[in-house]
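Shown below: my_file_10.txt, with compact mmCIF, C-alpha atoms.
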# COMPACT_ATOMS: atom_id res chain seq x y z
CA MET A 1 93.82 -22.31 31.59
CA ARG A 2 93.91 -26.13 31.59
CA ASN A 3 90.14 -26.23 31.80
CA LEU A 4 89.95 -23.88 28.84
CA TRP A 5 92.16 -26.21 26.79
CA LEU A 6 90.06 -29.20 27.81
CA ALA A 7 86.83 -27.46 26.82
CA GLY A 8 88.37 -26.41 23.50
CA SER A 9 89.53 -29.95 22.75
CA LEU A 10 86.09 -31.32 23.56
CA ILE A 11 84.39 -28.83 21.25
CA ILE A 12 86.79 -29.65 18.39
CA ALA A 13 86.33 -33.41 18.97
CA ALA A 14 82.54 -32.99 18.94
CA ALA A 15 82.70 -30.92 15.76
CA VAL A 16 84.91 -33.52 14.01
CA THR A 17 82.65 -36.38 15.13
CA GLY A 18 79.59 -34.46 13.95
CA SER A 19 81.15 -33.74 10.57
CA LEU A 20 82.13 -37.39 10.14
CA ALA A 21 78.62 -38.52 11.05
CA ALA A 22 77.15 -36.02 8.62
CA LEU A 23 79.54 -37.22 5.91
CA SER A 24 78.65 -40.88 6.48
CA PHE A 25 74.95 -39.99 6.47
CA ALA A 26 75.33 -38.02 3.24
CA ALA A 27 77.20 -40.89 1.63
CA ALA A 28 74.40 -43.38 2.37
CA PRO A 29 72.83 -44.40 -0.93
CA THR A 30 69.33 -43.11 -1.46
CA LEU A 31 66.73 -43.33 -4.19
CA VAL A 32 65.23 -39.92 -3.49
CA GLY A 33 64.90 -37.99 -6.74
CA LYS A 34 65.19 -41.12 -8.88
CA ASP A 35 62.54 -43.23 -10.59
CA ALA A 36 61.10 -45.84 -8.24
CA PRO A 37 62.15 -49.31 -9.44
CA ASP A 38 59.11 -51.14 -10.74
CA PHE A 39 57.95 -54.39 -9.18
CA VAL A 40 55.05 -56.80 -9.26
CA LEU A 41 54.05 -58.92 -6.28
CA LYS A 42 51.13 -61.04 -5.18
CA ALA A 43 49.09 -59.46 -2.39
CA ARG A 44 47.53 -61.52 0.38
CA ASP A 45 44.11 -61.23 -1.24
CA GLY A 46 45.44 -62.93 -4.39
CA ARG A 47 45.78 -59.86 -6.62
CA ASN A 48 49.02 -59.18 -8.45
CA LEU A 49 50.01 -55.55 -7.95
CA ARG A 50 52.48 -53.65 -10.10
CA LEU A 51 53.87 -50.34 -8.86
CA SER A 52 53.84 -48.68 -12.30
CA GLU A 53 50.08 -49.26 -12.56
CA PHE A 54 49.58 -46.74 -9.76
CA ARG A 55 51.16 -43.95 -11.82
CA GLY A 56 49.04 -40.85 -11.24
CA GLN A 57 48.56 -41.67 -7.58
CA VAL A 58 50.82 -41.09 -4.59
CA VAL A 59 52.24 -44.40 -3.39
CA LEU A 60 53.68 -45.15 0.02
CA VAL A 61 55.79 -48.31 0.03
CA ASN A 62 56.59 -49.76 3.42
CA PHE A 63 59.17 -52.52 3.78
CA TRP A 64 58.44 -54.40 6.96
CA ALA A 65 59.57 -57.50 8.80
CA ARG A 66 58.08 -59.48 11.63
CA TRP A 67 61.35 -59.27 13.55
CA ALA A 68 61.77 -55.50 13.16
CA GLY A 69 60.49 -54.01 16.40
CA ASP A 70 59.24 -50.76 14.87
CA SER A 71 57.21 -52.47 12.15
CA ARG A 72 54.22 -53.17 14.37
CA GLN A 73 53.82 -49.51 15.41
CA GLU A 74 54.50 -48.27 11.92
CA MET A 75 51.94 -50.59 10.32
CA ALA A 76 49.28 -49.40 12.74
CA ALA A 77 50.12 -45.78 11.84
CA LEU A 78 50.08 -46.56 8.11
CA ASP A 79 46.69 -48.20 8.50
CA ARG A 80 45.33 -44.97 9.98
CA ILE A 81 46.92 -42.96 7.17
CA ASN A 82 45.53 -45.30 4.52
CA THR A 83 42.02 -45.14 5.95
CA THR A 84 42.09 -41.34 5.86
CA TYR A 85 43.88 -40.63 2.57
CA ASN A 86 42.97 -43.62 0.39
CA ARG A 87 40.04 -41.76 -1.14
CA ALA A 88 42.24 -38.74 -1.84
CA GLY A 89 44.51 -40.77 -4.12
CA LEU A 90 46.99 -42.38 -1.75
CA VAL A 91 48.01 -46.02 -2.20
CA VAL A 92 49.79 -47.82 0.64
CA LEU A 93 51.67 -51.02 -0.13
CA GLY A 94 53.34 -53.16 2.53
CA ILE A 95 56.18 -55.46 1.47
CA SER A 96 57.53 -58.08 3.83
CA VAL A 97 61.16 -59.08 3.48
CA ASP A 98 60.80 -62.02 5.89
CA GLU A 99 62.35 -65.21 4.64
CA ASP A 100 59.95 -67.29 6.73
CA LEU A 101 56.84 -66.91 4.62
CA ILE A 102 54.52 -68.82 6.97
CA ARG A 103 55.38 -66.72 10.02
CA ALA A 104 55.25 -63.52 7.98
CA GLU A 105 51.81 -64.53 6.75
CA GLU A 106 50.67 -65.16 10.35
CA PHE A 107 52.01 -61.78 11.41
CA ALA A 108 50.29 -60.07 8.47
CA ALA A 109 46.97 -61.76 9.32
CA ALA A 110 47.27 -60.66 12.94
CA MET A 111 47.92 -57.02 11.97
CA LYS A 112 44.58 -56.74 10.12
CA VAL A 113 45.61 -53.69 8.13
CA SER A 114 43.40 -52.19 5.44
CA TYR A 115 46.12 -51.92 2.78
CA PRO A 116 47.62 -54.72 0.68
CA LEU A 117 50.49 -56.70 2.18
CA MET A 118 52.89 -58.56 -0.07
CA PHE A 119 55.90 -60.81 0.37
CA ASP A 120 59.30 -60.32 -1.22
CA THR A 121 60.80 -63.64 -0.20
CA GLY A 122 63.76 -63.46 -2.58
CA ALA A 123 64.66 -59.94 -1.29
CA ARG A 124 65.02 -58.86 -4.93
CA ILE A 125 62.87 -55.76 -4.50
CA GLY A 126 64.65 -54.88 -1.27
CA ARG A 127 67.93 -54.86 -3.20
CA ASP A 128 66.45 -52.61 -5.88
CA TYR A 129 65.38 -50.19 -3.15
CA LEU A 130 68.81 -50.24 -1.44
CA LEU A 131 67.22 -51.64 1.69
CA GLU A 132 69.73 -51.76 4.53
CA LYS A 133 67.75 -51.30 7.71
CA MET A 134 64.19 -52.20 8.67
CA PRO A 135 61.56 -50.92 8.52
CA MET A 136 61.92 -48.54 5.59
CA THR A 137 59.24 -46.33 4.07
CA ILE A 138 59.39 -44.46 0.80
CA LEU A 139 56.98 -42.08 -0.87
CA VAL A 140 56.56 -42.13 -4.64
CA ASP A 141 54.94 -39.14 -6.35
CA ARG A 142 52.33 -39.20 -9.11
CA GLY A 143 55.09 -39.31 -11.74
CA GLY A 144 56.76 -42.40 -10.26
CA VAL A 145 59.70 -40.58 -8.64
CA VAL A 146 60.87 -41.36 -5.10
CA ARG A 147 60.41 -38.17 -3.10
CA TYR A 148 60.93 -39.20 0.49
CA SER A 149 62.58 -42.03 2.33
CA ASN A 150 62.63 -42.90 6.02
CA VAL A 151 64.40 -45.68 7.85
CA GLY A 152 63.03 -46.93 11.18
CA PHE A 153 59.97 -45.56 12.90
CA LYS A 154 60.02 -43.25 15.86
CA ARG A 155 57.70 -40.79 17.52
CA GLY A 156 56.93 -37.95 15.14
CA ASP A 157 57.45 -39.96 11.96
CA GLU A 158 53.70 -40.35 11.43
CA ARG A 159 53.40 -36.56 11.43
CA ALA A 160 56.27 -36.30 8.92
CA TYR A 161 54.60 -38.89 6.66
CA LEU A 162 51.35 -36.94 6.77
CA ASP A 163 53.10 -33.67 5.89
CA HIS A 164 54.83 -35.23 2.89
CA ILE A 165 51.70 -37.08 1.76
CA ARG A 166 49.58 -33.92 1.87
CA GLU A 167 52.23 -32.07 -0.10
CA LEU A 168 52.44 -34.78 -2.78
CA LEU A 169 48.64 -35.11 -3.03
CA ARG A 170 48.40 -31.38 -3.70
CA GLU A 171 50.80 -31.60 -6.70
CA MET B 1 76.87 -55.25 -18.88
CA ASN B 2 77.85 -56.27 -22.39
CA PRO B 3 80.87 -54.12 -23.43
CA LYS B 4 79.35 -53.48 -26.87
CA PHE B 5 76.14 -52.37 -25.25
CA ARG B 6 78.08 -50.08 -22.91
CA VAL B 7 79.93 -48.47 -25.82
CA VAL B 8 76.69 -47.89 -27.72
CA SER B 9 75.02 -46.52 -24.60
CA ILE B 10 77.90 -44.12 -23.99
CA MET B 11 77.77 -43.06 -27.64
CA ARG B 12 74.05 -42.44 -27.35
CA GLY B 13 74.45 -40.42 -24.17
CA ALA B 14 77.29 -38.31 -25.58
CA LEU B 15 75.46 -37.71 -28.82
CA LEU B 16 72.29 -36.66 -27.06
CA ALA B 17 74.19 -34.36 -24.72
CA CYS B 18 76.11 -32.73 -27.60
CA ALA B 19 73.03 -32.28 -29.74
CA TRP B 20 70.96 -30.79 -26.95
CA ALA B 21 73.82 -28.53 -25.91
CA ALA B 22 74.16 -27.34 -29.49
CA GLY B 23 70.42 -26.77 -29.67
CA ALA B 24 70.46 -24.84 -26.43
CA ALA B 25 73.43 -22.76 -27.59
CA LEU B 26 71.67 -21.90 -30.82
CA ALA B 27 68.46 -21.08 -29.05
CA ALA B 28 70.03 -18.96 -26.31
CA PRO B 29 70.68 -15.31 -27.09
CA SER B 30 74.38 -14.55 -26.78
CA GLY B 31 76.68 -11.60 -26.29
CA PRO B 32 75.43 -8.10 -26.15
CA THR B 33 72.08 -8.99 -27.73
CA ALA B 34 71.18 -10.71 -24.47
CA THR B 35 71.11 -7.42 -22.58
CA PRO B 36 67.86 -5.47 -22.66
CA ASP B 37 69.80 -2.36 -23.82
CA ALA B 38 70.87 -4.10 -27.02
CA VAL B 39 67.33 -4.96 -28.14
CA PRO B 40 66.61 -2.76 -31.17
CA ALA B 41 63.92 -0.22 -30.57
CA PRO B 42 60.72 -0.56 -32.61
CA GLY B 43 61.18 1.20 -35.89
CA ALA B 44 64.99 1.06 -35.70
CA PRO B 45 66.84 -0.63 -38.59
CA GLY B 46 67.15 -4.36 -37.96
CA ALA B 47 64.02 -4.57 -35.84
CA ALA B 48 62.07 -6.08 -38.74
CA ALA B 49 64.79 -8.65 -39.38
CA ALA B 50 64.77 -9.96 -35.78
CA PRO B 51 61.60 -12.09 -36.05
CA ASP B 52 62.97 -13.69 -39.23
CA ASP B 53 66.24 -14.46 -37.47
CA PHE B 54 64.39 -16.07 -34.61
CA LYS B 55 62.29 -18.08 -37.06
CA THR B 56 65.41 -19.42 -38.81
CA LEU B 57 67.02 -20.17 -35.48
CA ASP B 58 63.93 -21.99 -34.31
CA GLN B 59 63.84 -24.03 -37.52
CA GLU B 60 67.49 -24.96 -37.02
CA VAL B 61 66.83 -26.05 -33.47
CA GLN B 62 63.82 -28.10 -34.57
CA GLY B 63 65.91 -29.69 -37.34
CA LEU B 64 68.64 -30.56 -34.87
CA LYS B 65 66.13 -32.09 -32.48
CA LYS B 66 64.70 -34.22 -35.29
CA ASP B 67 68.22 -35.38 -36.24
CA VAL B 68 68.86 -36.36 -32.64
CA ILE B 69 65.64 -38.37 -32.49
CA ASP B 70 66.50 -40.13 -35.77
CA LEU B 71 70.02 -40.91 -34.59
CA ASN B 72 68.72 -42.16 -31.28
CA LYS B 73 66.35 -44.50 -33.11
CA ASP B 74 69.20 -45.84 -35.28
CA LEU B 75 71.38 -46.39 -32.24
CA PHE B 76 68.53 -48.19 -30.48
CA VAL B 77 68.20 -50.55 -33.46
CA LEU B 78 71.97 -51.06 -33.43
CA GLU B 79 71.87 -51.78 -29.70
CA GLU B 80 69.14 -54.40 -30.22
CA GLU B 81 71.14 -56.01 -33.02
CA LEU B 82 74.26 -56.15 -30.88
CA LEU B 83 72.51 -57.54 -27.84
CA PHE B 84 70.25 -59.95 -29.66
CA PRO B 85 71.83 -60.76 -33.03
CA ALA B 86 69.31 -62.25 -35.43
CA ASN B 87 71.19 -65.52 -35.76
CA THR B 88 70.93 -66.31 -32.03
CA GLN B 89 67.75 -64.43 -31.18
CA VAL B 90 64.75 -66.18 -29.67
CA ALA B 91 61.58 -64.28 -28.84
CA LEU B 92 58.57 -65.60 -26.92
CA TYR B 93 55.11 -64.12 -27.06
CA VAL B 94 51.97 -64.75 -25.02
CA SER B 95 48.49 -64.48 -26.45
CA MET B 96 45.06 -65.35 -25.13
CA ASP B 97 41.99 -66.19 -27.15
CA VAL B 98 38.58 -65.85 -25.45
CA GLY B 99 39.77 -66.98 -22.00
CA SER B 100 36.33 -67.81 -20.61
CA PHE B 101 37.72 -70.87 -18.84
CA PHE B 102 40.93 -69.42 -17.56
CA ALA B 103 41.99 -66.32 -15.63
CA LEU B 104 45.75 -65.94 -16.10
CA ASP B 105 47.86 -65.34 -13.02
CA SER B 106 51.44 -66.14 -14.02
CA VAL B 107 53.64 -67.76 -16.64
CA THR B 108 56.97 -69.44 -15.97
CA VAL B 109 59.22 -70.27 -18.88
CA LYS B 110 62.08 -72.75 -18.83
CA ILE B 111 64.46 -73.27 -21.73
CA ASP B 112 66.64 -76.37 -21.53
CA ASN B 113 65.55 -76.82 -17.92
CA LYS B 114 66.71 -73.34 -16.91
CA GLU B 115 64.14 -70.79 -15.77
CA VAL B 116 64.41 -67.76 -17.99
CA LYS B 117 61.24 -65.91 -17.08
CA ASN B 118 58.62 -65.79 -14.37
CA TYR B 119 55.94 -63.22 -15.02
CA LEU B 120 53.06 -62.24 -12.73
CA TYR B 121 50.07 -60.70 -14.50
CA THR B 122 48.06 -57.91 -12.97
CA ALA B 123 44.33 -57.74 -13.71
CA ARG B 124 44.96 -54.99 -16.26
CA GLU B 125 47.60 -56.97 -18.12
CA ALA B 126 45.43 -60.08 -18.25
CA ASP B 127 42.58 -57.93 -19.50
CA ALA B 128 44.79 -56.47 -22.25
CA LEU B 129 45.64 -60.00 -23.39
CA LEU B 130 41.95 -60.89 -23.45
CA LYS B 131 41.30 -57.88 -25.64
CA GLY B 132 43.71 -59.22 -28.24
CA GLY B 133 47.03 -57.91 -27.00
CA VAL B 134 50.17 -59.96 -27.57
CA GLN B 135 52.95 -59.67 -25.03
CA GLN B 136 56.63 -60.25 -25.67
CA ILE B 137 57.47 -62.13 -22.52
CA TYR B 138 61.08 -63.00 -23.30
CA LEU B 139 63.84 -62.03 -25.68
CA GLY B 140 67.15 -63.83 -25.50
CA ASN B 141 69.90 -65.63 -27.30
CA LEU B 142 70.21 -69.34 -28.05
CA LYS B 143 72.77 -71.43 -29.84
CA VAL B 144 71.90 -73.20 -33.06
CA GLY B 145 70.52 -76.68 -32.42
CA LYS B 146 67.75 -78.49 -30.56
CA HIS B 147 66.20 -76.89 -27.50
CA GLU B 148 63.33 -77.70 -25.18
CA LEU B 149 60.95 -75.05 -23.95
CA VAL B 150 58.53 -75.66 -21.09
CA ALA B 151 55.91 -73.09 -20.11
CA PHE B 152 53.85 -73.32 -16.93
CA PHE B 153 50.61 -71.38 -16.75
CA THR B 154 48.93 -70.73 -13.40
CA GLY B 155 45.60 -69.09 -12.74
CA LYS B 156 41.97 -69.80 -12.04
CA GLY B 157 40.30 -72.45 -14.15
CA PRO B 158 36.63 -73.30 -14.54
CA VAL B 159 34.57 -72.93 -11.33
CA GLU B 160 37.28 -70.72 -9.79
CA ARG B 161 39.59 -73.68 -9.26
CA ASN B 162 43.33 -73.12 -8.99
CA TYR B 163 44.83 -74.27 -12.23
CA LYS B 164 48.37 -75.08 -13.23
CA ARG B 165 49.20 -76.54 -16.60
CA GLY B 166 52.32 -76.95 -18.66
CA ALA B 167 53.09 -77.01 -22.34
CA THR B 168 56.29 -78.28 -23.92
CA ILE B 169 57.90 -77.87 -27.28
CA THR B 170 61.16 -79.09 -28.70
CA PHE B 171 62.36 -76.84 -31.43
CA ASP B 172 65.27 -76.52 -33.78
CA LYS B 173 67.06 -73.21 -33.59
CA GLY B 174 68.39 -72.47 -37.02
CA VAL B 175 70.60 -69.62 -38.23
CA GLY B 176 67.77 -67.07 -38.25
CA ALA B 177 65.73 -65.65 -35.40
CA LYS B 178 63.16 -67.90 -33.72
CA TYR B 179 59.69 -66.78 -32.73
CA LEU B 180 57.47 -68.84 -30.45
CA GLU B 181 53.98 -68.06 -29.26
CA LEU B 182 52.49 -69.34 -26.02
CA LYS B 183 48.78 -69.55 -26.75
CA ILE B 184 45.94 -69.86 -24.28
CA THR B 185 42.69 -70.82 -25.92
CA ASP B 186 39.34 -72.25 -24.88
CA ARG B 187 38.49 -75.84 -25.69
CA LEU B 188 34.74 -75.47 -25.94
CA ALA B 189 33.96 -79.18 -26.26
CA LYS B 190 35.56 -79.94 -22.89
CA HIS B 191 34.90 -76.59 -21.23
CA GLN B 192 38.56 -76.39 -20.39
CA PRO B 193 41.39 -74.04 -21.33
CA GLU B 194 44.04 -75.25 -23.70
CA PHE B 195 47.72 -74.31 -23.68
CA THR B 196 49.80 -74.65 -26.78
CA ILE B 197 53.10 -73.37 -28.12
CA LYS B 198 53.24 -72.31 -31.71
CA ASP B 199 56.51 -72.24 -33.61
CA TRP B 200 56.48 -69.38 -36.11
CA GLU B 201 58.68 -70.63 -38.91

Step by step, read the file and then write its structure as structure tokens.
Amino acid sequence: MRNLWLAGSLIIAAAVTGSLAALSFAAAPTLVGKDAPDFVLKARDGRNLRLSEFRGQVVLVNFWARWAGDSRQEMAALDRINTTYNRAGLVVLGISVDEDLIRAEEFAAAMKVSYPLMFDTGARIGRDYLLEKMPMTILVDRGGVVRYSNVGFKRGDERAYLDHIRELLRE
Amino acid sequence: MNPKFRVVSIMRGALLACAWAAGAALAAPSGPTATPDAVPAPGAPGAAAAPDDFKTLDQEVQGLKKDVIDLNKDLFVLEEELLFPANTQVALYVSMDVGSFFALDSVTVKIDNKEVKNYLYTAREADALLKGGVQQIYLGNLKVGKHELVAFFTGKGPVERNYKRGATITFDKGVGAKYLELKITDRLAKHQPEFTIKDWE
């Protein structure tokens, strides 16, 4: 009987914890479904790129930082995605939120990715995109609306990105 | 946010919502007529009048929509007047003539030693300026009196060299609105770009 009570209490505690976690997750601010805030930044190759000028194409914006452990793996994955889907109308933009511009520039040079990397040193764009954890990736559809957002990078995320990208490219 | 601006914005939102709701209510079939059973059979009395009714209804909806657009325009003008009253308004424009000796990258504007605007130009925007476009780069408010405006232009100069130049103007802000134009032109004699600020009296 005691064991039954213990098991019951554990189940209730787990359910309450799960609900609270779900509530806190749901309450996290997100831009999904809203217009992507416009920005203009200088890319490493010297071009100034404005998000709104890519209207009509699917845009993947990746906020990265040298110190964020997952960024290195994610950037490699995004490079593969860009190489494959660039011709189909996908634009990948990488935005560094590193305050140390020199070290961020060194890191960017070492990564040798095929898509443009830019630097948001004042963190203004990060604020507009409600950036809380790094790295963060968002997908903007052809109409300029944020359709998908992902924080961090773990196994399986590349597959999820591909699924969403294919879906948005078909629209 | 400016409280006046907020009030006008709320008014605009409420007005739009009301007007669209009214339009939707007028357009939507209501009551028993909405059920398929209530649709008059062809040849029955009233069947001929239905298309006319719909036509009138449609005209009313269109009229309402037009009113909403007109009101929205008026409120937008009111909003502009509240935010940037003519007596304190200052507007800056950027124009580019020819541009053979300069590829524009960015413009930074300081008024009374305070940075008010830093604008990065994409290739498309610079191209639009070269084609004769004029860009309103800044709209703000200034007190009556003397003010100093400094504009820094960066880009690529002749022979692809990095180029940064400044232009300064001291102007008198009177009671009316003030319009200033930041002009980039080519100085053919020296094969150099020239940066000037024109005060539109």

How many Å separate CA of Leu168 in chain A from CA of Arg87 in chain A?
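We find that CA of Leu168 in chain A and CA of Arg87 in chain A lie 14.3 Å from each other.
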
Counting all atoms listed in the file, which residues of chain A fall within 12 Å of chain B, and what is the closest atom pair for each with its distance in Å at one decimal, ordered by chain and rising number, as a tab-separated table?
residue	atom	partner	partner_atom	distance
A:Phe39	CA	B:Leu120	CA	9.9
A:Val40	CA	B:Leu120	CA	6.8
A:Leu41	CA	B:Leu120	CA	7.3
A:Lys42	CA	B:Leu120	CA	7.9
A:Ala43	CA	B:Thr122	CA	10.7
A:Gly46	CA	B:Asp105	CA	9.3
A:Arg47	CA	B:Thr122	CA	7.0
A:Asn48	CA	B:Thr122	CA	4.8
A:Leu49	CA	B:Thr122	CA	5.9
A:Arg50	CA	B:Thr122	CA	6.8
A:Leu51	CA	B:Thr122	CA	10.4
A:Ser52	CA	B:Thr122	CA	10.9
A:Glu53	CA	B:Arg124	CA	8.5
A:Phe54	CA	B:Arg124	CA	11.5

Quick one: pull the distance between CA of Ile138 in chain A and CA of Glu106 in chain A, Å, one decimal.
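Straight-line distance from CA of Ile138 in chain A to CA of Glu106 in chain A works out to 24.4 Å.
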
Enclose range 160-170 of chain A, meaning all of its atoms listed in the file, in a box aligned along x, y and z, pad it by 5 Å on each side, and list the centre and edge lengths in Å to one decimal, as JSON.
{"center_x": 52.3, "center_y": -35.1, "center_z": 2.6, "size_x": 17.9, "size_y": 17.5, "size_z": 22.6}

Shell around Val107 in chain B at 7 Å using only C-alpha atoms, local window under 2 positions removed, as a PyMOL selection string:
chain B and resi 109+118-120+151-154

Write a file of the just-selected residues containing C-alpha atoms, as a PDB file, keeping the file's coordinate frame.
ATOM      1  CA  VAL B 109      59.220 -70.270 -18.880  1.00  0.00           C
ATOM      2  CA  ASN B 118      58.620 -65.790 -14.370  1.00  0.00           C
ATOM      3  CA  TYR B 119      55.940 -63.220 -15.020  1.00  0.00           C
ATOM      4  CA  LEU B 120      53.060 -62.240 -12.730  1.00  0.00           C
ATOM      5  CA  ALA B 151      55.910 -73.090 -20.110  1.00  0.00           C
ATOM      6  CA  PHE B 152      53.850 -73.320 -16.930  1.00  0.00           C
ATOM      7  CA  PHE B 153      50.610 -71.380 -16.750  1.00  0.00           C
ATOM      8  CA  THR B 154      48.930 -70.730 -13.400  1.00  0.00           C
TER       9      THR B 154
END

Could you tell me how far CA of Phe102 in chain B sits from CA of Gly94 in chain A, in Å to one decimal place?
28.7 Å

Hey, what's within 8 Å of Val32 in chain A if we count all atoms listed in the file and toss same-chain stuff fewer than 3 positions away? As JSON, numbers by chain, please?
{"A": [145, 146, 147, 148, 149]}

Could you name the residues that touch range 129-135 of chain A at 12 Å or less, counting only C-alpha atoms, but leaving out those on the same chain fewer than 6 positions away, as number ranges by chain?
A: 28-32, 34-39, 61-75, 94-98, 120, 123, 146, 149-154

Dump C-alpha atoms for the selected residues as a compact mmCIF listing (two decimals), in the frame of the given file?
# COMPACT_ATOMS: atom_id res chain seq x y z
CA ALA A 28 74.40 -43.38 2.37
CA PRO A 29 72.83 -44.40 -0.93
CA THR A 30 69.33 -43.11 -1.46
CA LEU A 31 66.73 -43.33 -4.19
CA VAL A 32 65.23 -39.92 -3.49
CA LYS A 34 65.19 -41.12 -8.88
CA ASP A 35 62.54 -43.23 -10.59
CA ALA A 36 61.10 -45.84 -8.24
CA PRO A 37 62.15 -49.31 -9.44
CA ASP A 38 59.11 -51.14 -10.74
CA PHE A 39 57.95 -54.39 -9.18
CA VAL A 61 55.79 -48.31 0.03
CA ASN A 62 56.59 -49.76 3.42
CA PHE A 63 59.17 -52.52 3.78
CA TRP A 64 58.44 -54.40 6.96
CA ALA A 65 59.57 -57.50 8.80
CA ARG A 66 58.08 -59.48 11.63
CA TRP A 67 61.35 -59.27 13.55
CA ALA A 68 61.77 -55.50 13.16
CA GLY A 69 60.49 -54.01 16.40
CA ASP A 70 59.24 -50.76 14.87
CA SER A 71 57.21 -52.47 12.15
CA ARG A 72 54.22 -53.17 14.37
CA GLN A 73 53.82 -49.51 15.41
CA GLU A 74 54.50 -48.27 11.92
CA MET A 75 51.94 -50.59 10.32
CA GLY A 94 53.34 -53.16 2.53
CA ILE A 95 56.18 -55.46 1.47
CA SER A 96 57.53 -58.08 3.83
CA VAL A 97 61.16 -59.08 3.48
CA ASP A 98 60.80 -62.02 5.89
CA ASP A 120 59.30 -60.32 -1.22
CA ALA A 123 64.66 -59.94 -1.29
CA VAL A 146 60.87 -41.36 -5.10
CA SER A 149 62.58 -42.03 2.33
CA ASN A 150 62.63 -42.90 6.02
CA VAL A 151 64.40 -45.68 7.85
CA GLY A 152 63.03 -46.93 11.18
CA PHE A 153 59.97 -45.56 12.90
CA LYS A 154 60.02 -43.25 15.86
